[in-house]
Structures are given as C-alpha cells and as structure tokens.
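Printed here is query-v2.pdb (PDB, C-alpha atoms):
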```pdb
MODEL        1
ATOM      1  CA  MET A 529     -21.865  -0.049 -10.791  1.00  0.00           C
ATOM      2  CA  ASN A 530     -20.977  -3.555 -11.859  1.00  0.00           C
ATOM      3  CA  THR A 531     -18.098  -4.765  -9.667  1.00  0.00           C
ATOM      4  CA  ALA A 532     -18.080  -8.334 -10.944  1.00  0.00           C
ATOM      5  CA  VAL A 533     -14.642  -9.469 -12.026  1.00  0.00           C
ATOM      6  CA  PRO A 534     -14.631 -10.527 -15.663  1.00  0.00           C
ATOM      7  CA  GLU A 535     -13.397 -13.923 -16.728  1.00  0.00           C
ATOM      8  CA  TYR A 536      -9.657 -14.274 -16.223  1.00  0.00           C
ATOM      9  CA  PRO A 537      -7.831 -13.609 -19.517  1.00  0.00           C
ATOM     10  CA  GLN A 538      -5.504 -16.007 -21.249  1.00  0.00           C
ATOM     11  CA  PRO A 539      -1.860 -15.026 -20.698  1.00  0.00           C
ATOM     12  CA  LEU A 540       0.079 -13.609 -23.624  1.00  0.00           C
ATOM     13  CA  ASN A 541       2.780 -16.262 -23.146  1.00  0.00           C
ATOM     14  CA  ALA A 542       4.268 -18.519 -20.478  1.00  0.00           C
ATOM     15  CA  GLY A 543       7.029 -16.048 -19.644  1.00  0.00           C
ATOM     16  CA  ARG A 544       4.620 -13.198 -18.962  1.00  0.00           C
ATOM     17  CA  SER A 545       2.454 -15.519 -16.908  1.00  0.00           C
ATOM     18  CA  ALA A 546       5.434 -16.539 -14.754  1.00  0.00           C
ATOM     19  CA  ASN A 547       6.435 -12.886 -14.367  1.00  0.00           C
ATOM     20  CA  MET A 548       2.988 -11.858 -13.142  1.00  0.00           C
ATOM     21  CA  ARG A 549       2.804 -14.849 -10.771  1.00  0.00           C
ATOM     22  CA  ALA A 550       6.098 -13.745  -9.205  1.00  0.00           C
ATOM     23  CA  ASN A 551       4.650 -10.395  -8.070  1.00  0.00           C
ATOM     24  CA  ARG A 552       4.220 -10.380  -4.305  1.00  0.00           C
ATOM     25  CA  ARG A 553       1.408  -8.919  -2.251  1.00  0.00           C
ATOM     26  CA  LYS A 554       3.743  -8.174   0.654  1.00  0.00           C
ATOM     27  CA  ASP A 555       7.473  -8.057   1.333  1.00  0.00           C
ATOM     28  CA  THR A 556       8.304  -6.379  -1.973  1.00  0.00           C
ATOM     29  CA  LYS A 557      11.838  -5.046  -2.453  1.00  0.00           C
ATOM     30  CA  PRO A 558      10.851  -1.383  -1.965  1.00  0.00           C
ATOM     31  CA  GLU A 559       8.838  -2.287   1.127  1.00  0.00           C
ATOM     32  CA  LEU A 560      11.699  -4.318   2.600  1.00  0.00           C
ATOM     33  CA  ALA A 561      14.156  -1.479   1.934  1.00  0.00           C
ATOM     34  CA  LEU A 562      11.879   1.028   3.690  1.00  0.00           C
ATOM     35  CA  ARG A 563      11.285  -1.273   6.650  1.00  0.00           C
ATOM     36  CA  ARG A 564      14.998  -2.018   6.936  1.00  0.00           C
ATOM     37  CA  GLU A 565      15.881   1.694   7.048  1.00  0.00           C
ATOM     38  CA  LEU A 566      13.113   2.544   9.520  1.00  0.00           C
ATOM     39  CA  HIS A 567      14.259  -0.301  11.768  1.00  0.00           C
ATOM     40  CA  ARG A 568      17.894   0.815  11.448  1.00  0.00           C
ATOM     41  CA  GLN A 569      16.826   4.263  12.673  1.00  0.00           C
ATOM     42  CA  GLY A 570      15.157   2.726  15.719  1.00  0.00           C
ATOM     43  CA  TYR A 571      11.509   2.752  14.644  1.00  0.00           C
ATOM     44  CA  ARG A 572       9.395  -0.246  15.548  1.00  0.00           C
ATOM     45  CA  TYR A 573       6.238  -1.145  13.670  1.00  0.00           C
ATOM     46  CA  ARG A 574       3.963  -3.955  12.579  1.00  0.00           C
ATOM     47  CA  LYS A 575       4.104  -5.264   9.033  1.00  0.00           C
ATOM     48  CA  ASP A 576       1.094  -6.265   6.958  1.00  0.00           C
ATOM     49  CA  TYR A 577      -1.063  -5.595  10.011  1.00  0.00           C
ATOM     50  CA  ARG A 578      -4.802  -6.049   9.567  1.00  0.00           C
ATOM     51  CA  LEU A 579      -6.927  -3.203  10.886  1.00  0.00           C
ATOM     52  CA  ASP A 580     -10.615  -3.946  11.323  1.00  0.00           C
ATOM     53  CA  LEU A 581     -12.155  -0.490  11.068  1.00  0.00           C
ATOM     54  CA  ALA A 582     -15.828   0.403  11.256  1.00  0.00           C
ATOM     55  CA  ASP A 583     -16.054   0.988   7.492  1.00  0.00           C
ATOM     56  CA  ALA A 584     -13.434  -1.360   6.100  1.00  0.00           C
ATOM     57  CA  ARG A 585     -10.742  -3.923   6.691  1.00  0.00           C
ATOM     58  CA  VAL A 586      -7.355  -2.478   5.753  1.00  0.00           C
ATOM     59  CA  ARG A 587      -3.846  -3.970   5.656  1.00  0.00           C
ATOM     60  CA  PRO A 588      -1.142  -1.289   5.618  1.00  0.00           C
ATOM     61  CA  ASP A 589       2.315  -2.474   4.604  1.00  0.00           C
ATOM     62  CA  ILE A 590       3.676  -0.841   7.768  1.00  0.00           C
ATOM     63  CA  ALA A 591       1.593   0.198  10.776  1.00  0.00           C
ATOM     64  CA  PHE A 592       2.689   2.277  13.742  1.00  0.00           C
ATOM     65  CA  THR A 593      -0.200   1.334  16.001  1.00  0.00           C
ATOM     66  CA  ALA A 594       0.503   3.590  18.992  1.00  0.00           C
ATOM     67  CA  ARG A 595       0.821   6.667  16.764  1.00  0.00           C
ATOM     68  CA  ARG A 596      -1.884   5.547  14.335  1.00  0.00           C
ATOM     69  CA  VAL A 597       0.209   5.943  11.200  1.00  0.00           C
ATOM     70  CA  ALA A 598      -0.384   3.587   8.281  1.00  0.00           C
ATOM     71  CA  VAL A 599       2.210   3.338   5.508  1.00  0.00           C
ATOM     72  CA  PHE A 600       1.603   1.909   2.044  1.00  0.00           C
ATOM     73  CA  VAL A 601       4.349   1.281  -0.508  1.00  0.00           C
ATOM     74  CA  ASP A 602       2.507   1.384  -3.824  1.00  0.00           C
ATOM     75  CA  GLY A 603       3.813  -0.243  -6.981  1.00  0.00           C
ATOM     76  CA  CYS A 604       3.767   1.988 -10.063  1.00  0.00           C
ATOM     77  CA  PHE A 605       1.936  -0.546 -12.254  1.00  0.00           C
ATOM     78  CA  TRP A 606      -0.581  -1.889  -9.755  1.00  0.00           C
ATOM     79  CA  HIS A 607      -1.579   1.499  -8.338  1.00  0.00           C
ATOM     80  CA  CYS A 608      -1.389   3.568 -11.565  1.00  0.00           C
ATOM     81  CA  CYS A 609       1.488   5.909 -10.751  1.00  0.00           C
ATOM     82  CA  PRO A 610       0.989   9.189 -12.643  1.00  0.00           C
ATOM     83  CA  GLU A 611       4.713   9.226 -13.537  1.00  0.00           C
ATOM     84  CA  HIS A 612       5.495   5.580 -14.269  1.00  0.00           C
ATOM     85  CA  GLY A 613       2.213   3.685 -14.380  1.00  0.00           C
ATOM     86  CA  THR A 614       1.555   2.005 -17.702  1.00  0.00           C
ATOM     87  CA  GLN A 615      -1.605   0.532 -19.143  1.00  0.00           C
ATOM     88  CA  PRO A 616      -1.202  -2.970 -20.574  1.00  0.00           C
ATOM     89  CA  ALA A 617      -1.603  -3.268 -24.337  1.00  0.00           C
ATOM     90  CA  ASN A 618      -3.026  -6.796 -24.147  1.00  0.00           C
ATOM     91  CA  ASN A 619      -6.281  -7.856 -22.475  1.00  0.00           C
ATOM     92  CA  THR A 620      -7.235  -4.236 -21.840  1.00  0.00           C
ATOM     93  CA  TRP A 621     -10.841  -5.324 -21.214  1.00  0.00           C
ATOM     94  CA  TYR A 622      -9.524  -7.074 -18.091  1.00  0.00           C
ATOM     95  CA  TRP A 623      -6.691  -4.828 -16.914  1.00  0.00           C
ATOM     96  CA  ALA A 624      -8.279  -1.377 -17.189  1.00  0.00           C
ATOM     97  CA  PRO A 625     -11.127  -2.120 -14.737  1.00  0.00           C
ATOM     98  CA  LYS A 626      -8.814  -4.124 -12.454  1.00  0.00           C
ATOM     99  CA  LEU A 627      -6.296  -1.302 -12.110  1.00  0.00           C
ATOM    100  CA  LYS A 628      -9.120   1.213 -11.664  1.00  0.00           C
ATOM    101  CA  ARG A 629     -10.527  -0.911  -8.810  1.00  0.00           C
ATOM    102  CA  ASN A 630      -7.074  -0.942  -7.183  1.00  0.00           C
ATOM    103  CA  VAL A 631      -6.981   2.870  -7.164  1.00  0.00           C
ATOM    104  CA  GLU A 632     -10.575   3.072  -5.894  1.00  0.00           C
ATOM    105  CA  ARG A 633      -9.745   0.602  -3.113  1.00  0.00           C
ATOM    106  CA  ASP A 634      -6.700   2.729  -2.177  1.00  0.00           C
ATOM    107  CA  ARG A 635      -8.868   5.867  -1.877  1.00  0.00           C
ATOM    108  CA  ALA A 636     -11.500   3.986   0.144  1.00  0.00           C
ATOM    109  CA  ALA A 637      -8.798   2.671   2.510  1.00  0.00           C
ATOM    110  CA  ASP A 638      -7.391   6.193   2.919  1.00  0.00           C
ATOM    111  CA  GLU A 639     -10.839   7.547   3.782  1.00  0.00           C
ATOM    112  CA  ALA A 640     -11.618   4.734   6.231  1.00  0.00           C
ATOM    113  CA  LEU A 641      -8.271   5.168   7.989  1.00  0.00           C
ATOM    114  CA  ALA A 642      -8.693   8.952   8.206  1.00  0.00           C
ATOM    115  CA  ALA A 643     -12.199   8.518   9.612  1.00  0.00           C
ATOM    116  CA  ALA A 644     -10.761   6.210  12.279  1.00  0.00           C
ATOM    117  CA  GLY A 645      -8.119   8.774  13.246  1.00  0.00           C
ATOM    118  CA  TRP A 646      -5.163   7.326  11.365  1.00  0.00           C
ATOM    119  CA  ARG A 647      -2.631   9.248   9.309  1.00  0.00           C
ATOM    120  CA  VAL A 648      -1.915   7.679   5.925  1.00  0.00           C
ATOM    121  CA  VAL A 649       1.444   7.812   4.182  1.00  0.00           C
ATOM    122  CA  ARG A 650       1.624   6.528   0.600  1.00  0.00           C
ATOM    123  CA  VAL A 651       4.972   6.251  -1.123  1.00  0.00           C
ATOM    124  CA  TRP A 652       5.640   5.055  -4.661  1.00  0.00           C
ATOM    125  CA  GLU A 653       8.080   2.234  -5.282  1.00  0.00           C
ATOM    126  CA  HIS A 654      10.251   4.577  -7.384  1.00  0.00           C
ATOM    127  CA  GLU A 655      10.752   7.107  -4.577  1.00  0.00           C
ATOM    128  CA  SER A 656      14.137   7.225  -2.907  1.00  0.00           C
ATOM    129  CA  ILE A 657      14.465   5.512   0.462  1.00  0.00           C
ATOM    130  CA  GLU A 658      15.546   8.827   1.978  1.00  0.00           C
ATOM    131  CA  GLY A 659      12.386  10.541   0.712  1.00  0.00           C
ATOM    132  CA  ALA A 660      10.142   7.703   1.841  1.00  0.00           C
ATOM    133  CA  VAL A 661      11.709   7.614   5.311  1.00  0.00           C
ATOM    134  CA  ALA A 662      11.375  11.405   5.578  1.00  0.00           C
ATOM    135  CA  ALA A 663       7.653  11.187   4.746  1.00  0.00           C
ATOM    136  CA  VAL A 664       7.087   8.486   7.368  1.00  0.00           C
ATOM    137  CA  VAL A 665       9.138  10.290  10.033  1.00  0.00           C
ATOM    138  CA  ALA A 666       7.231  13.534   9.366  1.00  0.00           C
ATOM    139  CA  ALA A 667       3.909  11.729   9.818  1.00  0.00           C
ATOM    140  CA  LEU A 668       5.156  10.121  13.031  1.00  0.00           C
ATOM    141  CA  ALA A 669       6.392  13.468  14.354  1.00  0.00           C
ATOM    142  CA  SER A 670       3.014  15.111  13.775  1.00  0.00           C
ATOM    143  CA  ALA A 671       1.020  12.186  15.175  1.00  0.00           C
ATOM    144  CA  PRO A 672      -0.022  12.042  18.836  1.00  0.00           C
ATOM    145  CA  SER A 673       2.324   9.877  20.847  1.00  0.00           C
ATOM    146  CA  GLY A 674      -0.343   7.499  22.059  1.00  0.00           C
ATOM    147  CA  ALA A 675       0.946   7.847  25.612  1.00  0.00           C
ATOM    148  CA  GLY A 676      -1.711   7.052  28.141  1.00  0.00           C
ATOM    149  CA  ARG A 677      -3.672   5.039  25.629  1.00  0.00           C
ATOM    150  CA  ARG A 678      -3.167   1.381  24.982  1.00  0.00           C
ATOM    151  CA  ALA A 679      -1.775   0.697  21.528  1.00  0.00           C
ATOM    152  CA  GLN A 680      -3.929  -1.372  19.202  1.00  0.00           C
ATOM    153  CA  ALA A 681      -1.952  -4.575  19.086  1.00  0.00           C
TER     154      ALA A 681
ENDMDL
END
```
Let's see the structure in the file written out as structure tokens.
Amino acid sequence: MNTAVPEYPQPLNAGRSANMRANRRKDTKPELALRRELHRQGYRYRKDYRLDLADARVRPDIAFTARRVAVFVDGCFWHCCPEHGTQPANNTWYWAPKLKRNVERDRAADEALAAAGWRVVRVWEHESIEGAVAAVVAALASAPSGAGRRAQA
C-alpha cells in the first residue's frame, strides 16, 4: 500500500484556503462544549493528552487516565461521518485518500487503545451535548475505578 502523501493541491480560491487554514486540530467548538459540560458536572480529565502505547502514539481529545477512557470528538468532514460527511468536488485525487487515511488512523487508534485496556468513546460533532455527555458518563461508569493503581499522568 502506497502511503506517500501526494503533492499538495492548489487551493480553489483564497477564501477556501483561509477557511481550511482556520480548522483547528484541538479545542474545536464541539470539543470545548463537551469539556465544559463534563467539567460542570464535576468530571476531571486531561485534554489532548498523548498516550505512548506499545503499538501506537495516540492523542485523545479528552482522557480520563485513572479510568482509562479516551474520548474523541470527530468532525463530520474530516472523519467521514456517514450522516453528514461530504466528499470534496475539487482536488478529489488529494482529498479522497487523505480522508480515507483519517478513518484508517481512527480505527488503528481504537484498536491500539483497546489492546492497552482503554475504553474508546467517539462522538460526532453534530451530536447533542446531552448525548455526548451520556456516552462518556456511561463509559466512565462501566470502567474500573483505577483505585489502588497509580493513574497514568
């Protein structure tokens, strides 16, 4: 499998280029909203925390280290949401493989975390805050408390 990144395409126009440059890797609005609500409910966590696992290096958006729960807030475009993900009409030779690699990297991260004993929660940016918080709280409730074991910090 050829994983080489093709030459970077020319932007369609300056406005689109500025729009794409403004996309953040961390601290996105949906991520901030989820973190804010979790914090309001008394949950404490690490944000954008790097985990050096045996098989991979992973950076969950939110990590509950003592309970080994990793939370990812996935953007519909970047992670190919089945409901809202769209394929770009321009520079498809560049975008199709790039978006496919994003999804493959997500699955590899999920597998590496599961192999290391972590629970993975993935929420889409379009999900309600209430639904996202419920998914995280359910994962935390079913995770071992970590008592008697030093938290990875």
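For Thr614 in chain A, the non-local neighbours within 12 Å, defined as residues at least 3 positions apart in the same chain or in other chains and counting only C-alpha atoms, are A:Gly603, A:Cys604, A:Phe605, A:Trp606, A:His607, A:Cys608, A:Cys609, A:Pro610, A:Glu611, A:Ala617, A:Asn618, A:Thr620, A:Trp623, A:Ala624, A:Leu627.
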For the atom pair CA of Leu668 in chain A and CA of Phe592 in chain A, what is the interatomic distance in Å to one decimal place?
->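 Result for CA of Leu668 in chain A versus CA of Phe592 in chain A: 8.3 Å, one decimal.
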Residues in the PyMOL selection byres ((chain A and resi 637) around 9), expressed as JSON, numbers by chain | {"A": [583, 584, 585, 586, 587, 632, 633, 634, 635, 636, 638, 639, 640, 641, 642]}
Out of A:His567, A:Glu535, A:Asp576, A:Gly613, which residue has the shortest atom-to-atom distance to His654 in chain A when counting only C-alpha atoms?
->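 Selected residue with least distance to His654 in chain A: A:Gly613.
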Separation of CA of Leu566 in chain A and CA of Thr593 in chain A, in Å?
->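 Atom-to-atom, CA of Leu566 in chain A and CA of Thr593 in chain A are spaced 14.9 Å apart.
Our summary of the geometry notes that CA of Arg574 in chain A is positioned 10.5 Å from CA of Ala594 in chain A.
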